[in-house]
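Dropping run_14.tsv in here (TSV, C-alpha atoms and all ligand atoms):
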chain	number	residue	atom	x	y	z
A	1	MET	CA	94.03	44.53	74.32
A	2	PRO	CA	97.64	44.79	73.24
A	3	GLU	CA	99.74	47.19	75.18
A	4	LEU	CA	100.27	50.53	73.41
A	5	LYS	CA	103.87	50.78	72.29
A	6	ARG	CA	105.27	53.96	73.75
A	7	HIS	CA	108.16	55.91	72.30
A	8	ASP	CA	110.44	57.94	74.44
A	9	ASN	CA	109.82	61.58	73.57
A	10	ARG	CA	113.49	62.35	73.99
A	11	LEU	CA	113.36	65.91	72.79
A	12	GLY	CA	110.68	67.01	75.27
A	13	ILE	CA	109.75	70.69	75.15
A	14	TRP	CA	112.89	71.37	73.12
A	15	GLY	CA	111.21	69.32	70.39
A	16	TRP	CA	108.51	71.98	70.11
A	17	LEU	CA	111.08	74.59	69.34
A	18	GLY	CA	113.26	72.65	67.00
A	19	GLY	CA	114.13	69.31	65.47
A	20	GLY	CA	117.07	68.65	67.78
A	21	ARG	CA	119.34	67.61	64.95
A	22	TRP	CA	118.35	70.24	62.46
A	23	GLY	CA	121.24	72.18	60.97
A	24	MET	CA	121.62	75.91	61.55
A	25	GLU	CA	120.25	76.63	58.08
A	26	ARG	CA	116.91	75.10	59.04
A	27	TYR	CA	116.52	77.61	61.86
A	28	ALA	CA	117.65	80.37	59.52
A	29	TYR	CA	114.86	79.32	57.15
A	30	ILE	CA	112.20	79.65	59.86
A	31	LEU	CA	113.56	82.99	60.98
A	32	HIS	CA	113.76	84.22	57.38
A	33	ARG	CA	110.09	83.42	56.90
A	34	VAL	CA	108.97	84.95	60.20
A	35	THR	CA	111.02	88.12	59.65
A	36	GLY	CA	109.85	88.42	56.02
A	37	LEU	CA	106.19	88.25	57.02
A	38	GLY	CA	106.78	90.57	59.98
A	39	ILE	CA	108.50	93.21	57.86
A	40	LEU	CA	105.70	92.91	55.29
A	41	ALA	CA	103.00	93.52	57.93
A	42	TYR	CA	104.89	96.60	59.13
A	43	PHE	CA	105.57	97.81	55.57
A	44	LEU	CA	101.88	97.77	54.59
A	45	MET	CA	101.00	99.93	57.63
A	46	HIS	CA	104.08	102.10	57.10
A	47	ILE	CA	102.97	102.98	53.55
A	48	CYS	CA	99.58	104.19	54.85
A	49	VAL	CA	101.03	106.17	57.78
A	50	THR	CA	103.80	107.88	55.82
A	51	SER	CA	101.50	108.65	52.87
A	52	LEU	CA	99.52	110.95	55.17
A	53	ARG	CA	102.40	113.43	54.94
A	54	ALA	CA	101.02	114.37	51.51
A	55	TRP	CA	98.20	116.03	53.47
A	56	GLY	CA	100.60	117.49	56.04
A	57	ILE	CA	99.88	114.84	58.71
A	58	TYR	CA	102.96	113.58	60.55
A	59	LEU	CA	101.86	110.97	63.08
A	60	TRP	CA	105.40	110.09	64.13
A	61	THR	CA	106.87	113.46	65.02
A	62	GLY	CA	105.95	116.83	66.49
A	63	GLU	CA	102.66	117.63	68.22
A	64	GLY	CA	100.11	114.81	68.42
A	65	ALA	CA	102.73	112.27	67.39
A	66	PHE	CA	101.26	109.17	68.98
A	67	LEU	CA	103.66	106.91	67.06
A	68	ASP	CA	106.41	108.50	69.16
A	69	ALA	CA	105.32	106.41	72.20
A	70	PRO	CA	107.88	103.91	73.60
A	71	VAL	CA	105.80	100.90	72.57
A	72	PHE	CA	106.11	101.93	68.91
A	73	LYS	CA	109.82	102.59	69.37
A	74	VAL	CA	110.22	99.01	70.58
A	75	GLY	CA	108.21	97.83	67.55
A	76	GLU	CA	110.45	99.80	65.21
A	77	PHE	CA	113.51	98.29	66.84
A	78	LEU	CA	112.07	94.81	66.23
A	79	VAL	CA	111.50	95.70	62.56
A	80	PHE	CA	115.07	96.98	62.32
A	81	SER	CA	116.42	93.76	63.83
A	82	ALA	CA	114.24	91.66	61.52
A	83	PHE	CA	115.60	93.64	58.60
A	84	ALA	CA	119.22	93.06	59.68
A	85	PHE	CA	118.68	89.30	59.71
A	86	HIS	CA	116.44	89.04	56.63
A	87	ALA	CA	118.69	91.23	54.48
A	88	PHE	CA	121.98	89.42	55.14
A	89	ASN	CA	120.45	85.95	55.20
A	90	GLY	CA	118.66	86.92	51.96
A	91	VAL	CA	122.01	87.73	50.32
A	92	ARG	CA	123.24	84.28	51.37
A	93	LEU	CA	120.15	82.65	49.87
A	94	ILE	CA	120.57	84.54	46.59
A	95	LEU	CA	124.25	83.53	46.37
A	96	VAL	CA	123.35	79.89	47.01
A	97	GLU	CA	120.35	79.99	44.67
A	98	LEU	CA	122.48	81.36	41.83
A	99	GLY	CA	125.08	78.67	42.45
A	100	PHE	CA	127.91	80.93	43.66
A	101	ALA	CA	128.21	79.44	47.11
A	102	VAL	CA	127.42	75.77	46.79
A	103	GLY	CA	130.93	74.45	46.28
A	104	LYS	CA	132.09	71.88	43.74
A	105	PRO	CA	129.75	69.00	42.94
A	106	ILE	CA	131.27	66.09	44.85
A	107	GLU	CA	129.95	62.88	46.30
A	108	PRO	CA	128.02	63.56	49.48
A	109	VAL	CA	130.34	61.71	51.82
A	110	TYR	CA	130.61	62.59	55.51
A	111	PRO	CA	132.03	65.07	56.57
A	112	TYR	CA	130.23	67.08	53.89
A	113	LYS	CA	133.03	69.27	52.58
A	114	SER	CA	131.09	71.81	50.52
A	115	SER	CA	128.70	72.37	53.38
A	116	LEU	CA	131.50	72.70	55.91
A	117	HIS	CA	133.98	74.73	53.87
A	118	VAL	CA	131.72	76.87	51.68
A	119	GLN	CA	128.15	77.16	52.88
A	120	ARG	CA	128.74	77.25	56.62
A	121	PRO	CA	131.44	79.98	56.48
A	122	LEU	CA	129.16	82.08	54.23
A	123	PHE	CA	126.33	81.66	56.71
A	124	LEU	CA	128.55	82.67	59.62
A	125	ALA	CA	129.96	85.67	57.74
A	126	MET	CA	126.46	86.91	56.94
A	127	MET	CA	125.35	86.46	60.55
A	128	VAL	CA	128.38	88.46	61.74
A	129	LEU	CA	127.40	91.30	59.37
A	130	ALA	CA	123.79	91.10	60.61
A	131	ALA	CA	125.07	91.21	64.19
A	132	VAL	CA	127.13	94.35	63.48
A	133	PHE	CA	124.05	96.05	62.01
A	134	PHE	CA	121.99	94.85	64.96
A	135	ALA	CA	124.54	96.21	67.45
A	136	ALA	CA	124.52	99.64	65.78
A	137	GLY	CA	120.69	99.62	65.83
A	138	SER	CA	120.67	98.62	69.52
A	139	TYR	CA	123.01	101.49	70.35
A	140	GLU	CA	120.72	103.95	68.54
A	141	PHE	CA	117.63	102.46	70.20
A	142	TRP	CA	119.00	102.84	73.75
A	143	HIS	CA	120.40	106.24	72.90
A	144	GLY	CA	116.92	107.30	71.72
A	145	LEU	CA	115.17	105.93	74.82
A	146	ALA	CA	117.63	107.68	77.12
A	147	ARG	CA	116.96	111.05	75.44
B	1	MET	CA	108.20	79.15	33.28
B	2	ARG	CA	106.23	82.19	34.30
B	3	GLU	CA	106.77	81.42	37.98
B	4	THR	CA	110.53	81.08	37.34
B	5	LYS	CA	110.46	84.56	35.83
B	6	TYR	CA	108.56	85.96	38.81
B	7	TRP	CA	111.00	84.26	41.19
B	8	THR	CA	113.96	85.81	39.37
B	9	TRP	CA	112.32	89.25	39.62
B	10	PHE	CA	111.61	88.50	43.27
B	11	MET	CA	115.32	87.95	43.96
B	12	ALA	CA	116.35	90.95	41.88
B	13	ALA	CA	113.87	93.03	43.90
B	14	GLY	CA	115.55	91.68	47.06
B	15	LEU	CA	118.91	93.10	45.94
B	16	LEU	CA	117.37	96.45	45.00
B	17	ILE	CA	115.66	96.59	48.40
B	18	LEU	CA	118.97	95.72	50.05
B	19	ALA	CA	120.53	98.89	48.62
B	20	LEU	CA	117.59	101.27	49.05
B	21	LEU	CA	116.21	99.95	52.34
B	22	GLY	CA	119.78	99.73	53.62
B	23	LEU	CA	120.14	103.46	52.91
B	24	HIS	CA	116.70	104.13	54.42
B	25	MET	CA	117.63	102.25	57.62
B	26	VAL	CA	120.98	103.99	57.92
B	27	VAL	CA	119.31	107.39	57.47
B	28	MET	CA	116.28	106.76	59.70
B	29	HIS	CA	117.34	104.26	62.32
B	30	LEU	CA	121.04	104.98	62.66
B	31	GLY	CA	120.49	108.72	62.30
B	32	SER	CA	122.04	109.76	65.58
B	33	LEU	CA	125.17	107.82	64.62
B	34	THR	CA	125.41	108.85	60.98
B	35	HIS	CA	123.51	112.18	60.66
B	36	LEU	CA	123.20	111.24	57.01
B	37	PHE	CA	120.89	113.38	54.84
B	38	ALA	CA	119.65	115.27	57.88
B	39	ALA	CA	119.36	118.87	56.75
B	40	HIS	CA	118.86	119.81	60.42
B	41	PRO	CA	121.40	117.66	62.31
B	42	ASP	CA	120.29	119.15	65.65
B	43	GLN	CA	116.88	117.46	65.21
B	44	PRO	CA	116.08	113.73	65.04
B	45	SER	CA	116.38	112.22	61.58
B	46	VAL	CA	112.62	111.59	61.45
B	47	ALA	CA	111.69	115.15	62.52
B	48	GLN	CA	109.29	116.93	60.19
B	49	ALA	CA	111.91	119.42	58.99
B	50	ASN	CA	114.31	116.65	58.00
B	51	SER	CA	111.52	114.63	56.44
B	52	GLN	CA	110.42	117.60	54.34
B	53	ALA	CA	113.98	118.34	53.30
B	54	ARG	CA	114.30	114.80	51.96
B	55	ASP	CA	110.90	115.07	50.27
B	56	ALA	CA	112.11	118.22	48.54
B	57	SER	CA	114.89	116.29	46.83
B	58	LEU	CA	114.03	114.49	43.62
B	59	PHE	CA	116.53	111.74	44.43
B	60	PHE	CA	114.64	110.76	47.60
B	61	THR	CA	111.24	111.08	45.94
B	62	LEU	CA	112.23	108.76	43.10
B	63	SER	CA	114.07	106.32	45.36
B	64	TYR	CA	110.97	106.08	47.60
B	65	VAL	CA	108.85	105.14	44.58
B	66	VAL	CA	111.34	102.50	43.40
B	67	LEU	CA	111.65	101.08	46.94
B	68	LEU	CA	107.87	101.07	47.27
B	69	GLY	CA	107.42	99.07	44.06
B	70	ALA	CA	110.27	96.64	44.77
B	71	GLY	CA	109.16	96.15	48.41
B	72	LEU	CA	105.53	95.55	47.52
B	73	PHE	CA	106.41	93.07	44.77
B	74	HIS	CA	108.96	91.20	46.91
B	75	GLY	CA	106.81	91.15	50.07
B	76	LEU	CA	103.47	90.26	48.47
B	77	TYR	CA	105.00	87.69	46.10
B	78	GLY	CA	106.81	86.21	49.13
B	79	LEU	CA	103.50	85.99	50.98
B	80	ARG	CA	101.96	84.29	47.93
B	81	VAL	CA	104.78	81.72	47.88
B	82	VAL	CA	104.23	80.95	51.56
B	83	VAL	CA	100.44	80.58	51.24
B	84	PHE	CA	100.70	78.53	48.03
B	85	GLU	CA	102.68	75.92	49.95
B	86	LEU	CA	99.37	74.96	51.58
B	87	SER	CA	98.29	73.40	48.24
B	88	LEU	CA	95.18	75.49	47.78
B	89	LYS	CA	92.50	74.76	45.19
B	90	PRO	CA	93.22	76.51	41.84
B	91	ALA	CA	90.26	78.87	42.34
B	92	ALA	CA	91.58	79.94	45.75
B	93	GLU	CA	95.05	80.46	44.29
B	94	LYS	CA	93.60	82.67	41.57
B	95	ALA	CA	91.54	84.67	44.07
B	96	LEU	CA	94.57	85.19	46.31
B	97	SER	CA	96.74	86.31	43.38
B	98	ALA	CA	94.05	88.78	42.30
B	99	LEU	CA	93.64	90.12	45.85
B	100	LEU	CA	97.40	90.60	46.29
B	101	LEU	CA	97.60	92.32	42.90
B	102	VAL	CA	94.82	94.74	43.86
B	103	VAL	CA	96.37	95.46	47.28
B	104	GLY	CA	99.81	95.91	45.70
B	105	LEU	CA	98.67	98.23	42.93
B	106	GLY	CA	96.46	100.20	45.33
B	107	LEU	CA	99.25	100.81	47.83
B	108	PHE	CA	101.70	101.55	45.04
B	109	GLY	CA	99.28	104.18	43.71
B	110	LEU	CA	98.78	105.71	47.15
B	111	GLY	CA	102.48	105.79	48.00
B	112	THR	CA	103.52	107.16	44.61
B	113	TYR	CA	100.90	109.89	44.79
B	114	ALA	CA	102.03	110.75	48.33
B	115	ALA	CA	105.71	110.86	47.35
B	116	PHE	CA	105.10	113.32	44.51
B	117	ALA	CA	102.55	115.36	46.46
B	118	ALA	CA	104.97	115.66	49.39
B	119	HIS	CA	107.74	116.56	46.93
B	120	GLY	CA	105.53	119.31	45.48
B	121	ARG	CA	104.62	120.64	48.93
B	122	ALA	CA	108.19	120.61	50.24
B	123	ALA	CA	109.95	121.90	47.12
B	124	GLY	CA	107.26	124.38	46.09
B	125	ALA	CA	106.05	125.76	49.41
B	126	SER	CA	109.45	126.56	50.78
B	127	PRO	CA	112.38	127.05	48.42
B	128	ALA	CA	114.58	127.34	51.53
B	129	VAL	CA	113.80	123.74	52.45
B	130	ALA	CA	114.70	122.64	48.94
B	131	SER	CA	118.01	124.46	48.96
B	132	VAL	CA	118.97	123.01	52.35
B	133	ALA	CA	118.05	119.59	51.02
B	134	GLY	CA	120.11	120.15	47.91
B	135	ALA	CA	123.08	121.26	49.96
B	136	SER	CA	122.83	118.28	52.29
B	137	LEU	CA	122.59	115.90	49.32
B	138	ALA	CA	125.68	117.53	47.90
B	139	GLY	CA	127.51	116.33	51.02
B	140	ARG	CA	127.18	119.21	53.46
B	141	SER	CA	125.00	117.22	55.90
C	201	LIG	C1	116.72	93.74	52.51
C	201	LIG	C2	116.68	93.13	51.39
C	201	LIG	C3	116.00	91.79	51.21
C	201	LIG	C4	116.59	90.68	50.69
C	201	LIG	C5	118.03	90.54	50.19
C	201	LIG	C6	115.58	89.63	50.69
C	201	LIG	C7	115.78	88.36	50.19
C	201	LIG	C8	114.84	87.35	50.24
C	201	LIG	C9	115.01	86.03	49.66
C	201	LIG	C10	116.23	85.54	48.90
C	201	LIG	C11	113.88	85.33	49.92
C	201	LIG	C12	113.58	83.89	49.49
C	201	LIG	C13	113.79	82.89	50.54
C	201	LIG	C14	113.68	81.50	50.01
C	201	LIG	O1	114.66	81.03	49.39
C	201	LIG	O2	112.62	80.89	50.20
C	201	LIG	C15	112.98	86.20	50.67
C	201	LIG	C16	111.74	85.83	51.12
C	201	LIG	C17	110.80	86.71	51.62
C	201	LIG	N1	110.98	88.05	51.84
C	201	LIG	FE1	112.68	89.08	51.55
C	201	LIG	N2	114.42	90.13	51.22
C	201	LIG	C18	114.62	91.46	51.54
C	201	LIG	C19	113.69	92.34	52.08
C	201	LIG	C20	112.35	92.05	52.34
C	201	LIG	C21	111.33	93.00	52.71
C	201	LIG	C22	111.54	94.50	52.89
C	201	LIG	C23	110.16	92.29	52.87
C	201	LIG	C24	108.80	92.81	53.26
C	201	LIG	C25	108.21	93.78	52.60
C	201	LIG	C26	110.44	90.91	52.60
C	201	LIG	C27	109.52	89.88	52.65
C	201	LIG	C28	109.77	88.58	52.32
C	201	LIG	C29	108.80	87.50	52.41
C	201	LIG	C30	107.35	87.64	52.88
C	201	LIG	C31	109.45	86.33	51.97
C	201	LIG	C32	108.87	84.93	51.86
C	201	LIG	C33	109.37	84.08	52.98
C	201	LIG	C34	109.46	82.61	52.61
C	201	LIG	O3	109.37	82.23	51.45
C	201	LIG	O4	109.70	81.85	53.54
C	201	LIG	N3	111.78	90.78	52.26
C	201	LIG	N4	113.60	87.42	50.84

How would this structure read if it were set down as structure tokens?
Amino acid sequence: MPELKRHDNRLGIWGWLGGGRWGMERYAYILHRVTGLGILAYFLMHICVTSLRAWGIYLWTGEGAFLDAPVFKVGEFLVFSAFAFHAFNGVRLILVELGFAVGKPIEPVYPYKSSLHVQRPLFLAMMVLAAVFFAAGSYEFWHGLAR
Amino acid sequence: MRETKYWTWFMAAGLLILALLGLHMVVMHLGSLTHLFAAHPDQPSVAQANSQARDASLFFTLSYVVLLGAGLFHGLYGLRVVVFELSLKPAAEKALSALLLVVGLGLFGLGTYAAFAAHGRAAGASPAVASVAGASLAGRS
């Protein structure tokens, strides 16, 4: 029986988490999808919970507010963080999709100028904005837990 | 062509959500930093009194309904895009679209009813709440 040809699995466990040579945008794509679905799951529950206020039921505040528990506060913080990323990355995607941030059509010769000089800076700028929002949310979260 | 139209609406909804959900997040989750639209700044932004004061204002009631519609369309259409990537059979695609439409319309109906009912309760039951809300919207918050 011929010997099985083995390939070196160079990426190891890292290969489970990413493609090794994927660009940043590929990770942003995964995170955009995960955050979008996460926010949606929360949103559907949020509509039901907050609609109860029409009948005078406030599950998140006052007496009998079980949604006030720390575990839900952590959940809310996760939703807030997901929003910060999804919103600013979403703006980037819309700008690219509408053609505002793709650069001039040039031959794709290395180093890819439009990627490096237009798309990458836009990505970084949006991530800085998301990080600022995230930092403000973190401050509020810790402030709330300490109270 | 129809899908292109839906996709365009999907992105437009994203921008609308950006504005309204951005405001919602700043009011609700950055409340202790901003104290924005909190008629009772001594209480948390999500406290019942603050919540009712916002419900008493027509601006918040209407913006909740718009955000609800835009969020449901954007989120459920996004979910449909993700699931459709699995190359489902046409019958399954149709069933999923119908299910998402029913869920979307149902929740939109519930949320819209709740927004107006809460507006009626807050504005009608206690004129004081409404006037505080009005004052805070006018920039006294
Ligand atoms: C804050 C404003 C938001 C903006 C600017 C925004 C923008 C976008 C954009 C541009 C996409 C398309 C990504 C692509 O090119 O494939 C997208 C996908 C998606 N969004 Fe949003 N979004 C926002 C808020 C939300 C909210 C509140 C929800 C949940 C209710 C949500 C759920 C989703 C889902 C489920 C997808 C599909 C993910 C995918 O195709 O991989 N988004 N969003």

What lies within 10 Å of B:Gly71 using only C-alpha atoms, ignoring chain neighbours under 4 positions off, as number ranges by chain? A: 39-40, 43-44; B: 10, 13-14, 16-18, 20-21, 65-67, 75-77, 104, 108

Same residues, C-alpha atoms, output as a PDB file, in the frame of the given file:
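Once everything was written out, this is out_27.pdb:
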ATOM      1  CA  ILE A  39     108.500  93.210  57.860  1.00  0.00           C
ATOM      2  CA  LEU A  40     105.700  92.910  55.290  1.00  0.00           C
ATOM      3  CA  PHE A  43     105.570  97.810  55.570  1.00  0.00           C
ATOM      4  CA  LEU A  44     101.880  97.770  54.590  1.00  0.00           C
TER       5      LEU A  44
ATOM      6  CA  PHE B  10     111.610  88.500  43.270  1.00  0.00           C
ATOM      7  CA  ALA B  13     113.870  93.030  43.900  1.00  0.00           C
ATOM      8  CA  GLY B  14     115.550  91.680  47.060  1.00  0.00           C
ATOM      9  CA  LEU B  16     117.370  96.450  45.000  1.00  0.00           C
ATOM     10  CA  ILE B  17     115.660  96.590  48.400  1.00  0.00           C
ATOM     11  CA  LEU B  18     118.970  95.720  50.050  1.00  0.00           C
ATOM     12  CA  LEU B  20     117.590 101.270  49.050  1.00  0.00           C
ATOM     13  CA  LEU B  21     116.210  99.950  52.340  1.00  0.00           C
ATOM     14  CA  VAL B  65     108.850 105.140  44.580  1.00  0.00           C
ATOM     15  CA  VAL B  66     111.340 102.500  43.400  1.00  0.00           C
ATOM     16  CA  LEU B  67     111.650 101.080  46.940  1.00  0.00           C
ATOM     17  CA  GLY B  75     106.810  91.150  50.070  1.00  0.00           C
ATOM     18  CA  LEU B  76     103.470  90.260  48.470  1.00  0.00           C
ATOM     19  CA  TYR B  77     105.000  87.690  46.100  1.00  0.00           C
ATOM     20  CA  GLY B 104      99.810  95.910  45.700  1.00  0.00           C
ATOM     21  CA  PHE B 108     101.700 101.550  45.040  1.00  0.00           C
TER      22      PHE B 108
END

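Between ligand LIG 201 (chain C) and the residues A:Met126, A:Val109, A:Leu59, A:Leu52, the shortest atom-to-atom distance, using only C-alpha atoms and all ligand atoms, involves A:Met126.
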
Neighbour list for A:Ile57 as a list in words, cut-off 12 Å, only C-alpha atoms, skip fewer than 5 positions in-chain: Cys48, Val49, Thr50, Ser51, Leu52, Gly62, Glu63, Gly64, Ala65 and Phe66 of chain A; Gln48, Ser51, Gln52, Ala114 and Ala118 of chain B

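Atom pair atom CA of A:Glu97 / atom CA of B:Leu68 has a distance of 24.6 Å (rounded to one decimal).
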
I'd like the neighbourhood of B:Ser45 as number ranges by chain, where a residue qualifies if any of its atoms comes within 10 Å (using only C-alpha atoms), though same-chain residues fewer than 6 positions away should be ignored. B: 27-32, 34-39, 51

Closest-contact table, chain A side, partner ligand LIG 201 (chain C), 8 Å, counting all atoms listed in the file, as CSV:
residue,atom,partner,partner_atom,distance
A:Tyr29,CA,C:LIG201,O4,6.8
A:Ile30,CA,C:LIG201,O4,7.1
A:His32,CA,C:LIG201,O4,6.1
A:Arg33,CA,C:LIG201,O4,3.7
A:Val34,CA,C:LIG201,C33,7.3
A:Thr35,CA,C:LIG201,C27,7.4
A:Gly36,CA,C:LIG201,C27,3.7
A:Leu37,CA,C:LIG201,C30,4.3
A:Gly38,CA,C:LIG201,C24,7.4
A:Ile39,CA,C:LIG201,C24,4.6
A:Leu40,CA,C:LIG201,C24,3.7
A:Ala41,CA,C:LIG201,C25,7.5
A:Tyr42,CA,C:LIG201,C25,7.8
A:Phe43,CA,C:LIG201,C25,5.7
A:Leu44,CA,C:LIG201,C25,7.7
A:Phe83,CA,C:LIG201,C1,6.2
A:Ala84,CA,C:LIG201,C1,7.6
A:His86,CA,C:LIG201,N2,5.9
A:Ala87,CA,C:LIG201,C1,3.7
A:Phe88,CA,C:LIG201,C5,6.4
A:Asn89,CA,C:LIG201,C5,7.2
A:Gly90,CA,C:LIG201,C7,3.7
A:Val91,CA,C:LIG201,C5,4.9
A:Arg92,CA,C:LIG201,C10,7.5
A:Leu93,CA,C:LIG201,C10,5.0
A:Ile94,CA,C:LIG201,C10,5.0
A:Glu97,CA,C:LIG201,O1,7.5

Write out the residues from the selection above, keeping C-alpha atoms, as a compact mmCIF listing (two decimals), in the coordinates of the input.
# COMPACT_ATOMS: atom_id res chain seq x y z
CA TYR A 29 114.86 79.32 57.15
CA ILE A 30 112.20 79.65 59.86
CA HIS A 32 113.76 84.22 57.38
CA ARG A 33 110.09 83.42 56.90
CA VAL A 34 108.97 84.95 60.20
CA THR A 35 111.02 88.12 59.65
CA GLY A 36 109.85 88.42 56.02
CA LEU A 37 106.19 88.25 57.02
CA GLY A 38 106.78 90.57 59.98
CA ILE A 39 108.50 93.21 57.86
CA LEU A 40 105.70 92.91 55.29
CA ALA A 41 103.00 93.52 57.93
CA TYR A 42 104.89 96.60 59.13
CA PHE A 43 105.57 97.81 55.57
CA LEU A 44 101.88 97.77 54.59
CA PHE A 83 115.60 93.64 58.60
CA ALA A 84 119.22 93.06 59.68
CA HIS A 86 116.44 89.04 56.63
CA ALA A 87 118.69 91.23 54.48
CA PHE A 88 121.98 89.42 55.14
CA ASN A 89 120.45 85.95 55.20
CA GLY A 90 118.66 86.92 51.96
CA VAL A 91 122.01 87.73 50.32
CA ARG A 92 123.24 84.28 51.37
CA LEU A 93 120.15 82.65 49.87
CA ILE A 94 120.57 84.54 46.59
CA GLU A 97 120.35 79.99 44.67
